[in-house]
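Shown next: input_30.csv, given as CSV, N, CA, C and O atoms.
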```csv
chain,number,residue,atom,x,y,z
A,1,MET,N,116.8,-16.8,-163.6
A,1,MET,CA,116.1,-17.8,-164.4
A,1,MET,C,114.6,-17.7,-164.3
A,1,MET,O,114.1,-17.3,-163.2
A,2,THR,N,114.0,-17.9,-165.4
A,2,THR,CA,112.5,-17.9,-165.4
A,2,THR,C,112.1,-19.2,-164.8
A,2,THR,O,112.6,-20.3,-165.1
A,3,ILE,N,111.0,-19.2,-164.0
A,3,ILE,CA,110.4,-20.4,-163.4
A,3,ILE,C,109.1,-20.6,-164.1
A,3,ILE,O,108.3,-19.8,-164.1
A,4,TYR,N,108.9,-21.9,-164.5
A,4,TYR,CA,107.7,-22.3,-165.1
A,4,TYR,C,107.0,-23.2,-164.2
A,4,TYR,O,107.6,-24.0,-163.5
A,5,VAL,N,105.7,-23.1,-164.1
A,5,VAL,CA,104.9,-23.9,-163.2
A,5,VAL,C,103.8,-24.7,-164.0
A,5,VAL,O,103.1,-24.1,-164.8
A,6,THR,N,103.7,-25.9,-163.7
A,6,THR,CA,102.6,-26.8,-164.2
A,6,THR,C,101.8,-27.1,-163.0
A,6,THR,O,102.2,-27.5,-162.0
A,7,LEU,N,100.5,-26.8,-163.2
A,7,LEU,CA,99.5,-27.0,-162.1
A,7,LEU,C,98.3,-27.9,-162.6
A,7,LEU,O,97.8,-27.6,-163.7
A,8,THR,N,97.9,-28.8,-161.8
A,8,THR,CA,96.7,-29.6,-162.1
A,8,THR,C,95.8,-29.5,-160.9
A,8,THR,O,96.3,-29.7,-159.8
A,9,VAL,N,94.6,-29.3,-161.1
A,9,VAL,CA,93.6,-29.2,-159.9
A,9,VAL,C,92.4,-30.0,-160.2
A,9,VAL,O,91.8,-29.9,-161.3
A,10,ASP,N,92.0,-30.9,-159.3
A,10,ASP,CA,90.8,-31.6,-159.4
A,10,ASP,C,89.8,-31.0,-158.4
A,10,ASP,O,90.1,-30.9,-157.2
A,11,LEU,N,88.7,-30.5,-158.9
A,11,LEU,CA,87.6,-30.0,-158.0
A,11,LEU,C,86.7,-31.1,-157.7
A,11,LEU,O,86.0,-31.6,-158.5
A,12,ASN,N,86.7,-31.5,-156.4
A,12,ASN,CA,86.0,-32.7,-156.0
A,12,ASN,C,84.6,-32.4,-155.6
A,12,ASN,O,84.2,-31.3,-155.2
A,13,GLY,N,83.7,-33.4,-155.6
A,13,GLY,CA,82.3,-33.2,-155.2
A,13,GLY,C,81.5,-32.7,-156.4
A,13,GLY,O,81.9,-32.8,-157.5
A,14,ASN,N,80.4,-32.2,-156.1
A,14,ASN,CA,79.5,-31.7,-157.1
A,14,ASN,C,79.7,-30.2,-157.3
A,14,ASN,O,79.0,-29.4,-156.7
A,15,VAL,N,80.7,-29.9,-158.0
A,15,VAL,CA,81.0,-28.5,-158.3
A,15,VAL,C,80.2,-28.0,-159.5
A,15,VAL,O,80.2,-28.6,-160.5
A,16,SER,N,79.4,-27.0,-159.2
A,16,SER,CA,78.6,-26.5,-160.3
A,16,SER,C,79.4,-25.8,-161.4
A,16,SER,O,80.5,-25.5,-161.3
A,17,THR,N,78.7,-25.7,-162.6
A,17,THR,CA,79.4,-25.1,-163.7
A,17,THR,C,79.7,-23.6,-163.4
A,17,THR,O,80.8,-23.2,-163.8
A,18,ALA,N,78.9,-23.0,-162.7
A,18,ALA,CA,79.1,-21.6,-162.3
A,18,ALA,C,80.3,-21.5,-161.4
A,18,ALA,O,81.2,-20.6,-161.5
A,19,ALA,N,80.4,-22.3,-160.4
A,19,ALA,CA,81.6,-22.3,-159.5
A,19,ALA,C,82.9,-22.6,-160.2
A,19,ALA,O,83.9,-22.0,-160.0
A,20,ARG,N,82.8,-23.6,-161.1
A,20,ARG,CA,84.0,-24.0,-161.9
A,20,ARG,C,84.4,-22.8,-162.8
A,20,ARG,O,85.6,-22.5,-162.9
A,21,ALA,N,83.5,-22.0,-163.3
A,21,ALA,CA,83.8,-20.9,-164.2
A,21,ALA,C,84.4,-19.8,-163.3
A,21,ALA,O,85.4,-19.1,-163.8
A,22,LYS,N,83.9,-19.5,-162.1
A,22,LYS,CA,84.5,-18.5,-161.2
A,22,LYS,C,85.9,-18.9,-160.8
A,22,LYS,O,86.8,-18.1,-160.8
A,23,PHE,N,86.2,-20.2,-160.5
A,23,PHE,CA,87.5,-20.7,-160.2
A,23,PHE,C,88.4,-20.4,-161.4
A,23,PHE,O,89.5,-19.9,-161.2
A,24,ASN,N,88.0,-20.8,-162.6
A,24,ASN,CA,88.9,-20.7,-163.7
A,24,ASN,C,89.2,-19.2,-164.0
A,24,ASN,O,90.3,-18.8,-164.3
A,25,GLU,N,88.2,-18.3,-163.9
A,25,GLU,CA,88.4,-16.9,-164.2
A,25,GLU,C,89.4,-16.3,-163.2
A,25,GLU,O,90.2,-15.5,-163.5
A,26,PHE,N,89.3,-16.7,-161.9
A,26,PHE,CA,90.2,-16.2,-160.9
A,26,PHE,C,91.6,-16.6,-161.3
A,26,PHE,O,92.5,-15.7,-161.2
A,27,LEU,N,91.9,-17.8,-161.6
A,27,LEU,CA,93.3,-18.3,-161.9
A,27,LEU,C,93.7,-17.5,-163.2
A,27,LEU,O,94.9,-17.2,-163.3
A,28,LYS,N,92.9,-17.3,-164.2
A,28,LYS,CA,93.3,-16.6,-165.4
A,28,LYS,C,93.7,-15.2,-165.0
A,28,LYS,O,94.6,-14.6,-165.5
A,29,GLY,N,93.0,-14.6,-164.0
A,29,GLY,CA,93.4,-13.3,-163.5
A,29,GLY,C,94.7,-13.2,-162.8
A,29,GLY,O,95.3,-12.2,-162.6
A,30,ARG,N,95.2,-14.4,-162.4
A,30,ARG,CA,96.5,-14.5,-161.7
A,30,ARG,C,97.6,-14.9,-162.7
A,30,ARG,O,98.6,-15.4,-162.3
A,31,ASN,N,97.3,-14.8,-164.0
A,31,ASN,CA,98.2,-15.1,-165.1
A,31,ASN,C,98.5,-16.6,-165.3
A,31,ASN,O,99.6,-17.0,-165.8
A,32,TYR,N,97.6,-17.5,-164.9
A,32,TYR,CA,97.7,-18.9,-165.2
A,32,TYR,C,97.0,-19.1,-166.5
A,32,TYR,O,95.9,-18.5,-166.8
A,33,THR,N,97.5,-20.0,-167.3
A,33,THR,CA,96.9,-20.3,-168.6
A,33,THR,C,96.2,-21.7,-168.6
A,33,THR,O,96.9,-22.7,-168.2
A,34,LYS,N,94.9,-21.8,-168.9
A,34,LYS,CA,94.2,-23.1,-168.9
A,34,LYS,C,94.5,-23.7,-170.2
A,34,LYS,O,94.4,-23.1,-171.2
A,35,HIS,N,94.7,-25.0,-170.1
A,35,HIS,CA,95.0,-25.8,-171.4
A,35,HIS,C,93.7,-26.7,-171.6
A,35,HIS,O,92.9,-26.8,-170.8
A,36,LYS,N,93.6,-27.2,-172.8
A,36,LYS,CA,92.5,-28.0,-173.2
A,36,LYS,C,92.5,-29.3,-172.4
A,36,LYS,O,91.4,-29.9,-172.2
A,37,LEU,N,93.6,-29.8,-171.9
A,37,LEU,CA,93.6,-30.9,-171.0
A,37,LEU,C,92.8,-30.5,-169.8
A,37,LEU,O,93.0,-29.5,-169.2
A,38,THR,N,91.9,-31.4,-169.3
A,38,THR,CA,90.9,-31.1,-168.4
A,38,THR,C,91.2,-30.2,-167.2
A,38,THR,O,90.6,-29.2,-166.9
A,39,THR,N,92.3,-30.5,-166.5
A,39,THR,CA,92.6,-29.8,-165.3
A,39,THR,C,94.0,-29.1,-165.3
A,39,THR,O,94.5,-28.8,-164.2
A,40,LEU,N,94.5,-28.9,-166.5
A,40,LEU,CA,95.9,-28.4,-166.6
A,40,LEU,C,96.0,-26.9,-166.7
A,40,LEU,O,95.4,-26.3,-167.6
A,41,TRP,N,96.9,-26.3,-165.9
A,41,TRP,CA,97.2,-24.9,-166.0
A,41,TRP,C,98.7,-24.7,-166.0
A,41,TRP,O,99.4,-25.5,-165.5
A,42,THR,N,99.2,-23.6,-166.6
A,42,THR,CA,100.6,-23.3,-166.5
A,42,THR,C,100.8,-21.8,-166.2
A,42,THR,O,99.9,-21.0,-166.5
A,43,ALA,N,101.9,-21.4,-165.7
A,43,ALA,CA,102.2,-20.0,-165.5
A,43,ALA,C,103.8,-19.9,-165.5
A,43,ALA,O,104.5,-20.9,-165.5
A,44,TRP,N,104.2,-18.7,-165.6
A,44,TRP,CA,105.7,-18.4,-165.5
A,44,TRP,C,105.9,-17.2,-164.6
A,44,TRP,O,105.1,-16.4,-164.5
A,45,PHE,N,107.1,-17.2,-164.0
A,45,PHE,CA,107.5,-16.2,-163.1
A,45,PHE,C,108.8,-15.6,-163.5
A,45,PHE,O,109.7,-16.3,-164.0
A,46,LEU,N,108.9,-14.3,-163.3
A,46,LEU,CA,110.1,-13.6,-163.7
A,46,LEU,C,111.3,-14.1,-163.0
A,46,LEU,O,111.2,-14.7,-161.9
A,47,PRO,N,112.5,-13.9,-163.6
A,47,PRO,CA,113.7,-14.5,-163.0
A,47,PRO,C,114.1,-14.1,-161.6
A,47,PRO,O,114.8,-14.8,-160.9
A,48,ASN,N,113.5,-13.0,-161.0
A,48,ASN,CA,113.8,-12.6,-159.7
A,48,ASN,C,113.0,-13.4,-158.6
A,48,ASN,O,113.2,-13.2,-157.4
A,49,ASN,N,112.2,-14.4,-159.1
A,49,ASN,CA,111.4,-15.2,-158.1
A,49,ASN,C,112.2,-16.5,-157.8
A,49,ASN,O,113.1,-16.9,-158.5
A,50,THR,N,111.8,-17.2,-156.8
A,50,THR,CA,112.4,-18.5,-156.4
A,50,THR,C,111.3,-19.5,-156.6
A,50,THR,O,110.1,-19.3,-156.7
A,51,ILE,N,111.8,-20.8,-156.6
A,51,ILE,CA,110.9,-21.9,-156.8
A,51,ILE,C,109.9,-21.9,-155.6
A,51,ILE,O,108.7,-22.1,-155.7
A,52,ASP,N,110.4,-21.6,-154.4
A,52,ASP,CA,109.6,-21.6,-153.2
A,52,ASP,C,108.5,-20.5,-153.3
A,52,ASP,O,107.3,-20.7,-152.9
A,53,SER,N,108.9,-19.3,-153.8
A,53,SER,CA,107.9,-18.3,-154.0
A,53,SER,C,106.8,-18.6,-155.1
A,53,SER,O,105.7,-18.3,-154.9
A,54,ALA,N,107.2,-19.3,-156.1
A,54,ALA,CA,106.3,-19.7,-157.2
A,54,ALA,C,105.3,-20.7,-156.6
A,54,ALA,O,104.1,-20.7,-156.9
A,55,ILE,N,105.8,-21.7,-155.8
A,55,ILE,CA,104.9,-22.7,-155.2
A,55,ILE,C,104.0,-22.0,-154.2
A,55,ILE,O,102.7,-22.2,-154.2
A,56,ARG,N,104.5,-21.1,-153.4
A,56,ARG,CA,103.6,-20.4,-152.4
A,56,ARG,C,102.5,-19.6,-153.1
A,56,ARG,O,101.4,-19.6,-152.8
A,57,TYR,N,102.9,-18.8,-154.2
A,57,TYR,CA,102.0,-18.0,-155.0
A,57,TYR,C,100.9,-19.0,-155.6
A,57,TYR,O,99.7,-18.6,-155.6
A,58,THR,N,101.3,-20.1,-156.1
A,58,THR,CA,100.4,-21.0,-156.7
A,58,THR,C,99.4,-21.6,-155.7
A,58,THR,O,98.2,-21.6,-155.9
A,59,LYS,N,99.9,-22.0,-154.5
A,59,LYS,CA,99.0,-22.5,-153.4
A,59,LYS,C,98.0,-21.4,-153.0
A,59,LYS,O,96.8,-21.6,-152.9
A,60,GLU,N,98.5,-20.2,-152.9
A,60,GLU,CA,97.6,-19.0,-152.5
A,60,GLU,C,96.6,-18.8,-153.6
A,60,GLU,O,95.4,-18.5,-153.3
A,61,SER,N,97.0,-18.9,-154.8
A,61,SER,CA,96.1,-18.6,-155.9
A,61,SER,C,95.0,-19.6,-156.0
A,61,SER,O,93.8,-19.3,-156.2
A,62,VAL,N,95.3,-20.9,-155.9
A,62,VAL,CA,94.3,-22.0,-155.9
A,62,VAL,C,93.4,-21.8,-154.7
A,62,VAL,O,92.2,-21.9,-154.9
A,63,ALA,N,93.9,-21.6,-153.5
A,63,ALA,CA,93.1,-21.4,-152.4
A,63,ALA,C,92.1,-20.2,-152.5
A,63,ALA,O,90.9,-20.3,-152.2
A,64,ALA,N,92.6,-19.1,-153.1
A,64,ALA,CA,91.8,-17.9,-153.3
A,64,ALA,C,90.7,-18.2,-154.4
A,64,ALA,O,89.6,-17.8,-154.2
A,65,ALA,N,91.1,-18.9,-155.4
A,65,ALA,CA,90.1,-19.2,-156.5
A,65,ALA,C,89.0,-20.1,-155.9
A,65,ALA,O,87.8,-19.9,-156.2
A,66,ALA,N,89.4,-21.1,-155.1
A,66,ALA,CA,88.4,-22.0,-154.5
A,66,ALA,C,87.5,-21.2,-153.6
A,66,ALA,O,86.2,-21.4,-153.6
A,67,LYS,N,88.0,-20.3,-152.8
A,67,LYS,CA,87.2,-19.5,-151.9
A,67,LYS,C,86.2,-18.6,-152.7
A,67,LYS,O,85.0,-18.6,-152.4
A,68,VAL,N,86.7,-17.9,-153.7
A,68,VAL,CA,85.8,-17.1,-154.6
A,68,VAL,C,84.7,-17.9,-155.2
A,68,VAL,O,83.5,-17.4,-155.3
A,69,ALA,N,85.0,-19.1,-155.6
A,69,ALA,CA,84.0,-20.0,-156.3
A,69,ALA,C,83.2,-20.8,-155.3
A,69,ALA,O,82.2,-21.5,-155.7
A,70,GLY,N,83.5,-20.7,-154.0
A,70,GLY,CA,82.7,-21.5,-153.0
A,70,GLY,C,83.0,-23.0,-153.0
A,70,GLY,O,82.2,-23.8,-152.6
A,71,ILE,N,84.2,-23.3,-153.4
A,71,ILE,CA,84.7,-24.7,-153.5
A,71,ILE,C,85.5,-25.0,-152.2
A,71,ILE,O,86.4,-24.3,-151.9
A,72,THR,N,85.1,-26.1,-151.5
A,72,THR,CA,85.8,-26.4,-150.3
A,72,THR,C,86.6,-27.7,-150.4
A,72,THR,O,87.4,-28.0,-149.5
A,73,ASN,N,86.4,-28.5,-151.5
A,73,ASN,CA,87.1,-29.8,-151.6
A,73,ASN,C,87.8,-29.8,-152.9
A,73,ASN,O,87.2,-29.8,-154.0
A,74,TYR,N,89.2,-29.8,-152.9
A,74,TYR,CA,89.9,-29.9,-154.1
A,74,TYR,C,91.3,-30.5,-153.8
A,74,TYR,O,91.7,-30.6,-152.6
A,75,GLU,N,91.9,-31.0,-154.8
A,75,GLU,CA,93.3,-31.5,-154.7
A,75,GLU,C,94.1,-30.9,-155.8
A,75,GLU,O,93.6,-30.6,-156.9
A,76,ALA,N,95.4,-30.5,-155.5
A,76,ALA,CA,96.2,-29.9,-156.5
A,76,ALA,C,97.6,-30.4,-156.5
A,76,ALA,O,98.1,-30.9,-155.5
A,77,LEU,N,98.3,-30.3,-157.6
A,77,LEU,CA,99.7,-30.7,-157.7
A,77,LEU,C,100.4,-29.6,-158.6
A,77,LEU,O,99.9,-29.2,-159.6
A,78,VAL,N,101.5,-29.1,-158.1
A,78,VAL,CA,102.3,-28.1,-158.8
A,78,VAL,C,103.7,-28.6,-159.0
A,78,VAL,O,104.3,-29.3,-158.1
A,79,MET,N,104.2,-28.4,-160.2
A,79,MET,CA,105.5,-28.8,-160.5
A,79,MET,C,106.3,-27.6,-161.1
A,79,MET,O,106.1,-27.3,-162.3
A,80,PRO,N,107.2,-27.0,-160.3
A,80,PRO,CA,107.9,-25.9,-160.8
A,80,PRO,C,109.2,-26.4,-161.5
A,80,PRO,O,109.7,-27.5,-161.1
A,81,GLY,N,109.8,-25.6,-162.4
A,81,GLY,CA,111.1,-26.0,-163.0
A,81,GLY,C,111.5,-24.9,-163.9
A,81,GLY,O,110.8,-23.9,-164.1
A,82,GLU,N,112.7,-25.1,-164.5
A,82,GLU,CA,113.3,-24.1,-165.4
A,82,GLU,C,112.9,-24.4,-166.9
A,82,GLU,O,113.3,-23.6,-167.7
A,83,GLN,N,112.3,-25.5,-167.1
A,83,GLN,CA,111.9,-25.8,-168.5
A,83,GLN,C,110.4,-25.6,-168.7
A,83,GLN,O,109.6,-26.1,-167.9
A,84,LYS,N,110.0,-25.0,-169.8
A,84,LYS,CA,108.6,-24.8,-170.1
A,84,LYS,C,108.0,-26.1,-170.5
A,84,LYS,O,108.7,-27.0,-171.2
A,85,ALA,N,106.8,-26.3,-170.2
A,85,ALA,CA,106.1,-27.6,-170.5
A,85,ALA,C,105.9,-27.7,-172.0
A,85,ALA,O,105.8,-26.7,-172.7
A,86,THR,N,105.9,-28.9,-172.5
A,86,THR,CA,105.7,-29.2,-173.9
A,86,THR,C,104.3,-29.8,-174.0
A,86,THR,O,104.0,-30.8,-173.4
A,87,GLU,N,103.5,-29.2,-174.9
A,87,GLU,CA,102.1,-29.7,-175.1
A,87,GLU,C,101.9,-30.2,-176.5
A,87,GLU,O,102.4,-29.5,-177.4
A,88,TRP,N,101.2,-31.2,-176.8
A,88,TRP,CA,100.9,-31.7,-178.1
A,88,TRP,C,99.6,-32.4,-178.2
A,88,TRP,O,99.1,-32.8,-177.1
A,89,LYS,N,99.1,-32.7,-179.4
A,89,LYS,CA,97.9,-33.5,-179.5
A,89,LYS,C,98.1,-34.3,-180.7
A,89,LYS,O,98.8,-34.0,-181.7
A,90,HIS,N,97.4,-35.4,-180.7
A,90,HIS,CA,97.4,-36.3,-181.9
A,90,HIS,C,95.9,-36.6,-182.2
A,90,HIS,O,95.1,-37.0,-181.4
A,91,ILE,N,95.6,-36.4,-183.4
A,91,ILE,CA,94.2,-36.5,-183.9
A,91,ILE,C,94.1,-37.7,-184.8
A,91,ILE,O,94.9,-37.9,-185.7
```

For the file at hand, write its structure as structure tokens.
Amino acid sequence: MTIYVTLTVDLNGNVSTAARAKFNEFLKGRNYTKHKLTTLWTAWFLPNNTIDSAIRYTKESVAAAAKVAGITNYEALVMPGEQKATEWKHI
């Protein structure tokens, strides 16, 4: 089964635009997709992965992105599952 991950991350404190950009680029390099919603990312994992391994990879990716960007204060939430997230907008 393919595992889909929804991730939201709040970078707390006075995070500079440059640090935020480094953080974002790092996660993009780890195959996370940034959405227009302010702090929302998604990723998918091949069927040979487990939910635990997807969570572990996500935690490691966020920690590494924060380290690269010099960010020390953040909060994150990850929600793995078998169903891809549905995104929409209303104008």

Quiz item: When you draw a straight line from atom N of A:Ala21 to atom O of A:Ala69, how long is it in Å?
Solution: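 Between atom N of A:Ala21 and atom O of A:Ala69 the gap is 7.7 Å.
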
Quiz prompt | Spatial neighbours of A:Leu40, 8 Å, only N, CA, C and O atoms, chain gap at least 2 places, as a list in words | solution = Val5, Thr6, Leu7, Thr8, Val9, Asp10, Tyr32, Thr33, Lys34, His35, Lys36, Leu37, Thr38 and Thr42 of chain A

Practice problem: Go through A:Ser61, A:Thr39, A:Thr50, A:Gln83 one by one, measure the shortest atom-to-atom distance of each to A:Tyr4 using all atoms listed in the file, and give the residue with the smallest value. | Solution: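 Closest to A:Tyr4, using all atoms listed in the file: A:Gln83.
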
Self-check item: Pick from A:Asn31, A:Ile51, A:Val68, A:Phe23 nearest to A:Gly81, counting only N, CA, C and O atoms
Solution: A:Ile51

Quiz item: Which distance in Å separates atom C of A:Met79 and atom O of A:Asn48, to one decimal?
Solution: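 That distance, rounded to one decimal, is 16.4 Å.
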
What lies within 4.5 Å of A:Ile3 using only N, CA, C and O atoms, ignoring chain neighbours under 5 positions off, as a tab-separated table (two decimals) with N, CA, C and O atoms, keeping the file's coordinate frame?
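The result, stored in part-v1.tsv:
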```tsv
chain	number	residue	atom	x	y	z
A	43	ALA	N	101.90	-21.40	-165.70
A	43	ALA	CA	102.20	-20.00	-165.50
A	43	ALA	C	103.80	-19.90	-165.50
A	43	ALA	O	104.50	-20.90	-165.50
A	44	TRP	N	104.20	-18.70	-165.60
A	44	TRP	CA	105.70	-18.40	-165.50
A	44	TRP	C	105.90	-17.20	-164.60
A	44	TRP	O	105.10	-16.40	-164.50
A	45	PHE	N	107.10	-17.20	-164.00
A	45	PHE	CA	107.50	-16.20	-163.10
A	45	PHE	C	108.80	-15.60	-163.50
A	45	PHE	O	109.70	-16.30	-164.00
A	81	GLY	N	109.80	-25.60	-162.40
A	81	GLY	CA	111.10	-26.00	-163.00
A	81	GLY	C	111.50	-24.90	-163.90
A	81	GLY	O	110.80	-23.90	-164.10
```

Exercise. Just the alpha helix (DSSP H) stuff from chain A, please, per backbone DSSP, written as a VMD selection string.
Key: chain A and resid 17 to 29 51 to 69

Quiz item: How many Å separate atom O of A:Ala66 from atom CA of A:Leu11?
Solution: 9.8 Å

Exercise. Point out the residue among A:Leu46, A:Trp41, A:Arg30, A:Gly70 with the least atom-to-atom distance to A:Ser16, counting all atoms listed in the file.
Key: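 Closest to A:Ser16, using all atoms listed in the file: A:Gly70.
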
Quiz prompt | DSSP-assigned strand (DSSP E or B) members of stretch 9-89 of chain A, reported as a list of chain:residue names | solution = A:Val9, A:Asp10, A:Leu11, A:Thr33, A:Lys34, A:Leu40, A:Trp41, A:Thr42, A:Ala43, A:Trp44, A:Phe45, A:Tyr74, A:Glu75, A:Ala76, A:Leu77, A:Val78, A:Met79, A:Pro80, A:Gly81

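Residues in contact with A:Pro47 at 10 Å, where only C-alpha atoms are counted and same-chain residues fewer than 6 positions away are skipped, are listed as Met1, Thr2, Ile3 and Glu82 of chain A.
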